[in-house]
file entry_18.txt (compact mmCIF, C-alpha atoms)
# COMPACT_ATOMS: atom_id res chain seq x y z
CA MET A 50 0.89 -27.70 -21.63
CA ALA A 51 3.10 -30.13 -19.72
CA THR A 52 4.21 -31.73 -22.99
CA THR A 53 5.53 -28.44 -24.38
CA PRO A 54 9.36 -28.46 -24.23
CA ALA A 55 9.45 -24.69 -23.55
CA ILE A 56 7.65 -25.30 -20.23
CA ARG A 57 10.63 -27.30 -18.95
CA VAL A 58 12.79 -24.20 -19.48
CA ILE A 59 10.25 -21.58 -18.39
CA GLU A 60 9.20 -23.26 -15.13
CA PRO A 61 12.58 -23.05 -13.36
CA LEU A 62 13.17 -19.53 -14.72
CA LEU A 63 9.78 -18.46 -13.39
CA ALA A 64 10.54 -20.01 -9.99
CA ILE A 65 13.91 -18.25 -9.82
CA GLY A 66 12.26 -14.99 -10.89
CA PHE A 67 9.68 -15.30 -8.10
CA LEU A 68 12.37 -15.98 -5.51
CA VAL A 69 14.45 -13.00 -6.67
CA HIS A 70 11.33 -10.82 -6.64
CA ILE A 71 10.40 -11.92 -3.13
CA LEU A 72 13.91 -11.39 -1.76
CA TYR A 73 14.27 -8.02 -3.49
CA GLY A 74 10.79 -6.96 -2.30
CA VAL A 75 11.59 -7.80 1.31
CA LYS A 76 14.97 -6.04 1.02
CA LEU A 77 13.31 -2.93 -0.45
CA THR A 78 10.62 -2.93 2.24
CA LEU A 79 13.23 -3.12 5.01
CA GLU A 80 15.32 -0.36 3.40
CA ASN A 81 12.24 1.86 3.07
CA ARG A 82 11.29 1.32 6.72
CA LYS A 83 14.84 2.08 7.81
CA ALA A 84 14.97 5.25 5.66
CA ARG A 85 11.60 6.44 6.97
CA GLY A 86 12.64 5.92 10.56
CA SER A 87 9.92 6.98 12.96
CA ALA A 88 7.99 8.76 10.19
CA ARG A 89 5.68 5.83 9.40
CA TYR A 90 2.41 6.03 7.50
CA ALA A 91 -0.18 7.72 9.69
CA SER A 92 -2.59 5.20 11.14
CA GLY A 93 -6.21 5.96 10.38
CA LYS A 94 -5.34 8.97 8.22
CA LYS A 95 -5.07 9.26 4.48
CA THR A 96 -1.47 10.02 3.61
CA THR A 97 -1.49 12.27 0.56
CA GLY A 98 -0.08 10.81 -2.63
CA VAL A 99 0.24 7.29 -1.22
CA THR A 100 -2.13 4.54 -2.33
CA TRP A 101 -3.43 1.81 -0.09
CA ALA A 102 -1.65 -0.74 -2.30
CA SER A 103 1.73 0.96 -1.84
CA GLN A 104 1.27 1.03 1.93
CA ASN A 105 0.46 -2.68 1.98
CA MET A 106 2.73 -4.24 -0.63
CA LEU A 107 4.39 -6.57 1.87
CA VAL A 108 1.03 -7.84 3.16
CA LEU A 109 -0.29 -8.20 -0.39
CA GLY A 110 2.91 -10.02 -1.37
CA ILE A 111 2.56 -12.41 1.56
CA THR A 112 -1.08 -13.01 0.57
CA VAL A 113 -0.12 -13.75 -3.04
CA GLY A 114 2.72 -15.97 -1.79
CA ALA A 115 0.34 -17.96 0.43
CA PHE A 116 -1.98 -18.43 -2.52
CA LEU A 117 0.93 -19.53 -4.68
CA VAL A 118 1.75 -22.26 -2.14
CA LEU A 119 -1.89 -23.41 -2.26
CA HIS A 120 -1.90 -23.37 -6.07
CA ILE A 121 1.35 -25.33 -6.26
CA ALA A 122 -0.04 -27.88 -3.80
CA HIS A 123 -3.27 -28.28 -5.80
CA PHE A 124 -1.68 -28.63 -9.21
CA TRP A 125 2.10 -28.61 -9.64
CA VAL A 126 2.91 -31.08 -6.84
CA LYS A 127 0.25 -33.50 -8.07
CA MET A 128 1.26 -33.15 -11.71
CA LYS A 129 5.03 -33.28 -11.18
CA LEU A 130 5.73 -35.16 -7.95
CA THR A 131 3.01 -37.20 -6.27
CA GLY A 132 0.55 -37.90 -9.02
CA ASP A 133 -3.20 -38.14 -8.57
CA PRO A 134 -5.74 -40.76 -9.68
CA LEU A 135 -7.50 -38.01 -11.67
CA LEU A 136 -4.40 -37.67 -13.85
CA GLU A 137 -5.10 -40.88 -15.75
CA HIS A 138 -3.60 -40.97 -19.20
CA THR A 139 -5.63 -40.00 -22.22
CA ALA A 140 -4.81 -39.78 -25.92
CA ILE A 141 -4.96 -36.45 -27.74
CA SER A 142 -3.89 -35.31 -31.18
CA ILE A 143 -0.87 -32.97 -31.19
CA GLY A 144 -0.10 -31.78 -34.70
CA GLY A 145 -1.93 -34.77 -36.14
CA VAL A 146 0.03 -37.25 -34.01
CA GLU A 147 -1.83 -39.25 -31.38
CA THR A 148 -0.03 -38.57 -28.10
CA GLU A 149 -0.67 -39.97 -24.64
CA VAL A 150 -0.81 -37.30 -21.91
CA GLU A 151 -2.06 -36.94 -18.35
CA ASN A 152 -5.63 -35.68 -18.06
CA ALA A 153 -4.87 -32.43 -16.23
CA TYR A 154 -8.37 -31.16 -17.04
CA ALA A 155 -9.90 -33.78 -14.73
CA LEU A 156 -7.75 -32.48 -11.86
CA VAL A 157 -8.69 -28.85 -12.60
CA ASN A 158 -12.36 -29.78 -12.92
CA HIS A 159 -12.34 -31.64 -9.60
CA THR A 160 -10.38 -28.93 -7.76
CA PHE A 161 -12.73 -26.16 -8.89
CA SER A 162 -15.82 -28.17 -7.95
CA TYR A 163 -15.36 -26.88 -4.38
CA LEU A 164 -16.85 -23.44 -3.81
CA TRP A 165 -14.35 -22.58 -1.05
CA ILE A 166 -11.44 -23.17 -3.43
CA VAL A 167 -13.07 -20.97 -6.08
CA ILE A 168 -13.56 -18.21 -3.49
CA VAL A 169 -9.92 -18.47 -2.35
CA TYR A 170 -8.75 -18.22 -5.98
CA VAL A 171 -10.92 -15.16 -6.65
CA VAL A 172 -9.78 -13.42 -3.45
CA ALA A 173 -6.17 -14.24 -4.33
CA ALA A 174 -6.67 -12.86 -7.86
CA VAL A 175 -8.03 -9.61 -6.42
CA GLY A 176 -5.04 -9.44 -4.05
CA LEU A 177 -2.71 -10.06 -6.99
CA ALA A 178 -4.44 -7.33 -9.00
CA ILE A 179 -4.03 -4.82 -6.18
CA HIS A 180 -0.38 -5.85 -5.76
CA LEU A 181 0.19 -5.40 -9.50
CA SER A 182 -1.61 -2.05 -9.63
CA HIS A 183 1.18 -0.55 -7.54
CA GLY A 184 3.99 -2.89 -8.55
CA PHE A 185 3.72 -2.23 -12.28
CA TRP A 186 4.56 1.47 -12.27
CA SER A 187 6.73 1.10 -9.18
CA ALA A 188 9.03 -1.29 -11.04
CA PHE A 189 9.63 1.38 -13.69
CA GLN A 190 10.27 3.96 -10.97
CA THR A 191 12.78 1.64 -9.31
CA ILE A 192 14.85 1.46 -12.51
CA GLY A 193 14.63 5.23 -13.00
CA PHE A 194 12.02 5.32 -15.76
CA SER A 195 9.45 7.61 -14.18
CA ASN A 196 8.67 11.31 -14.26
CA GLN A 197 5.50 13.41 -14.00
CA ILE A 198 4.32 12.53 -17.52
CA TRP A 199 5.25 8.86 -17.53
CA ARG A 200 4.13 8.22 -13.95
CA LYS A 201 0.52 8.97 -14.91
CA ARG A 202 0.74 6.83 -18.03
CA LEU A 203 2.39 3.95 -16.18
CA THR A 204 -0.23 4.17 -13.44
CA VAL A 205 -3.03 3.84 -16.02
CA LEU A 206 -1.23 1.00 -17.82
CA GLY A 207 -0.54 -0.70 -14.49
CA ASN A 208 -4.18 -0.49 -13.46
CA LEU A 209 -5.33 -1.90 -16.81
CA PHE A 210 -2.73 -4.68 -16.59
CA ALA A 211 -3.77 -5.46 -13.00
CA ILE A 212 -7.46 -5.62 -13.91
CA LEU A 213 -6.75 -7.88 -16.87
CA ILE A 214 -4.59 -10.29 -14.83
CA GLY A 215 -7.00 -10.28 -11.86
CA PHE A 216 -9.96 -10.93 -14.16
CA GLY A 217 -8.09 -13.65 -16.03
CA PHE A 218 -7.14 -15.53 -12.88
CA SER A 219 -10.67 -15.14 -11.46
CA ILE A 220 -12.67 -16.16 -14.49
CA ILE A 221 -11.11 -19.62 -14.85
CA PRO A 222 -12.27 -21.04 -11.49
CA ILE A 223 -15.61 -19.18 -11.67
CA LEU A 224 -16.52 -20.54 -15.11
CA GLN A 225 -15.24 -23.99 -14.21
CA TYR A 226 -17.42 -24.05 -11.08
CA LEU A 227 -20.54 -22.64 -12.76
CA PHE A 228 -20.55 -24.36 -16.15
CA TYR A 229 -18.16 -27.28 -16.40
CA GLN A 230 -18.88 -29.56 -13.45
CA GLY A 231 -19.53 -33.18 -14.12
call {"tool": "encode", "arguments": {"input": "entry_18.txt", "output": "structure tokens"}}
result
Amino acid sequence: MATTPAIRVIEPLLAIGFLVHILYGVKLTLENRKARGSARYASGKKTTGVTWASQNMLVLGITVGAFLVLHIAHFWVKMKLTGDPLLEHTAISIGGVETEVENAYALVNHTFSYLWIVIVYVVAAVGLAIHLSHGFWSAFQTIGFSNQIWRKRLTVLGNLFAILIGFGFSIIPILQYLFYQG
């Protein structure tokens, strides 16, 4: 993946997108708290029409952000900045051309050989899924694309999207830990 030219373009755009999302999310949270004034969510009571995810988006965002820092430290920093002995060069065939690349698989294999790291990744993936379950339809509402009919549809799509992403990010470390050690 690191040899793909598109990655060099997508990586900085993704980083900028995350920063904009974080700043906009914090701004929106502060504006919502200010608009609500003293009428906060009732503690210990179920507020009608408000999901747990929507009440805890900032906490979920901070959790996902903390995981992202851990993920960047485990992989991106080692692959892009500091290096790692596990990243020894290996030859692979790309389009029939023998190409020398870093062995990123060895780093992934080693990282996911620790059960605590696998557990952290799975917990983070669940947190991300919960964050996305609210954030998906909420993003459409923010830009004005939501009404009674579409809100239900977007909620279902958002939940499906969240489950798919959460499962996808969980299954990689789980399978690596269970079946590909060695």
call {"tool": "residues_around", "arguments": {"input": "entry_18.txt", "residues": "Ala153 in chain A", "least_positions_apart": "3", "cutoff": "12 Å", "atoms": "all atoms listed in the file", "output": "MDAnalysis selection string"}}
result
chainID A and resid 50:52 123:125 127:129 132:139 150 156:160
call {"tool": "residues_around", "arguments": {"input": "entry_18.txt", "residues": "range 170-185 of chain A", "least_positions_apart": "6", "cutoff": "9 Å", "atoms": "only C-alpha atoms", "output": "JSON, numbers by chain"}}
result
{"A": [100, 102, 103, 105, 106, 109, 110, 112, 113, 115, 116, 117, 120, 203, 204, 205, 206, 207, 208, 209, 210, 211, 212, 213, 214, 215, 216, 217, 218, 219, 220, 222, 223]}
call {"tool": "write_last_selection", "arguments": {"input": "entry_18.txt", "atoms": "C-alpha atoms", "output": "short mmCIF file (atom, residue, chain, number, x, y, z; two decimals), keeping the file's coordinate frame"}}
result
data_model
loop_
_atom_site.label_atom_id
_atom_site.label_comp_id
_atom_site.auth_asym_id
_atom_site.auth_seq_id
_atom_site.Cartn_x
_atom_site.Cartn_y
_atom_site.Cartn_z
CA THR A 100 -2.13 4.54 -2.33
CA ALA A 102 -1.65 -0.74 -2.30
CA SER A 103 1.73 0.96 -1.84
CA ASN A 105 0.46 -2.68 1.98
CA MET A 106 2.73 -4.24 -0.63
CA LEU A 109 -0.29 -8.20 -0.39
CA GLY A 110 2.91 -10.02 -1.37
CA THR A 112 -1.08 -13.01 0.57
CA VAL A 113 -0.12 -13.75 -3.04
CA ALA A 115 0.34 -17.96 0.43
CA PHE A 116 -1.98 -18.43 -2.52
CA LEU A 117 0.93 -19.53 -4.68
CA HIS A 120 -1.90 -23.37 -6.07
CA LEU A 203 2.39 3.95 -16.18
CA THR A 204 -0.23 4.17 -13.44
CA VAL A 205 -3.03 3.84 -16.02
CA LEU A 206 -1.23 1.00 -17.82
CA GLY A 207 -0.54 -0.70 -14.49
CA ASN A 208 -4.18 -0.49 -13.46
CA LEU A 209 -5.33 -1.90 -16.81
CA PHE A 210 -2.73 -4.68 -16.59
CA ALA A 211 -3.77 -5.46 -13.00
CA ILE A 212 -7.46 -5.62 -13.91
CA LEU A 213 -6.75 -7.88 -16.87
CA ILE A 214 -4.59 -10.29 -14.83
CA GLY A 215 -7.00 -10.28 -11.86
CA PHE A 216 -9.96 -10.93 -14.16
CA GLY A 217 -8.09 -13.65 -16.03
CA PHE A 218 -7.14 -15.53 -12.88
CA SER A 219 -10.67 -15.14 -11.46
CA ILE A 220 -12.67 -16.16 -14.49
CA PRO A 222 -12.27 -21.04 -11.49
CA ILE A 223 -15.61 -19.18 -11.67
#
call {"tool": "closest_residue", "arguments": {"input": "entry_18.txt", "among": "A:Glu147, A:Leu130, A:Arg82, A:Phe228", "to": "Gln104 in chain A", "atoms": "only C-alpha atoms"}}
result
A:Arg82
call {"tool": "atom_distance", "arguments": {"input": "entry_18.txt", "atom1": "CA of Leu79 in chain A", "atom2": "CA of Ala122 in chain A"}}
result
29.4 Å
call {"tool": "closest_residue", "arguments": {"input": "entry_18.txt", "among": "A:Asn152, A:Pro54, A:Val167, A:Thr78", "to": "Ala140 in chain A", "atoms": "all atoms listed in the file"}}
result
A:Asn152
call {"tool": "closest_residue", "arguments": {"input": "entry_18.txt", "among": "A:Lys83, A:Tyr163, A:Val126, A:Gly74", "to": "Val108 in chain A", "atoms": "all atoms listed in the file"}}
result
A:Gly74
call {"tool": "closest_residue", "arguments": {"input": "entry_18.txt", "among": "A:Val99, A:Ala84, A:Ile56, A:Leu107", "to": "Leu72 in chain A", "atoms": "all atoms listed in the file"}}
result
A:Leu107
call {"tool": "axis_aligned_box", "arguments": {"input": "entry_18.txt", "around": "range 152-168 of chain A", "padding_each_side": "5 Å", "output": "AutoDock Vina command-line options"}}
result
--center_x -10.9 --center_y -26.9 --center_z -9.6 --size_x 22.0 --size_y 27.5 --size_z 27.0
call {"tool": "atom_distance", "arguments": {"input": "entry_18.txt", "atom1": "CA of Ile168 in chain A", "atom2": "CA of Ile65 in chain A"}}
result
28.2 Å
call {"tool": "closest_residue", "arguments": {"input": "entry_18.txt", "among": "A:Ile166, A:Ile59, A:Val146, A:Ile111", "to": "Val75 in chain A", "atoms": "all atoms listed in the file"}}
result
A:Ile111
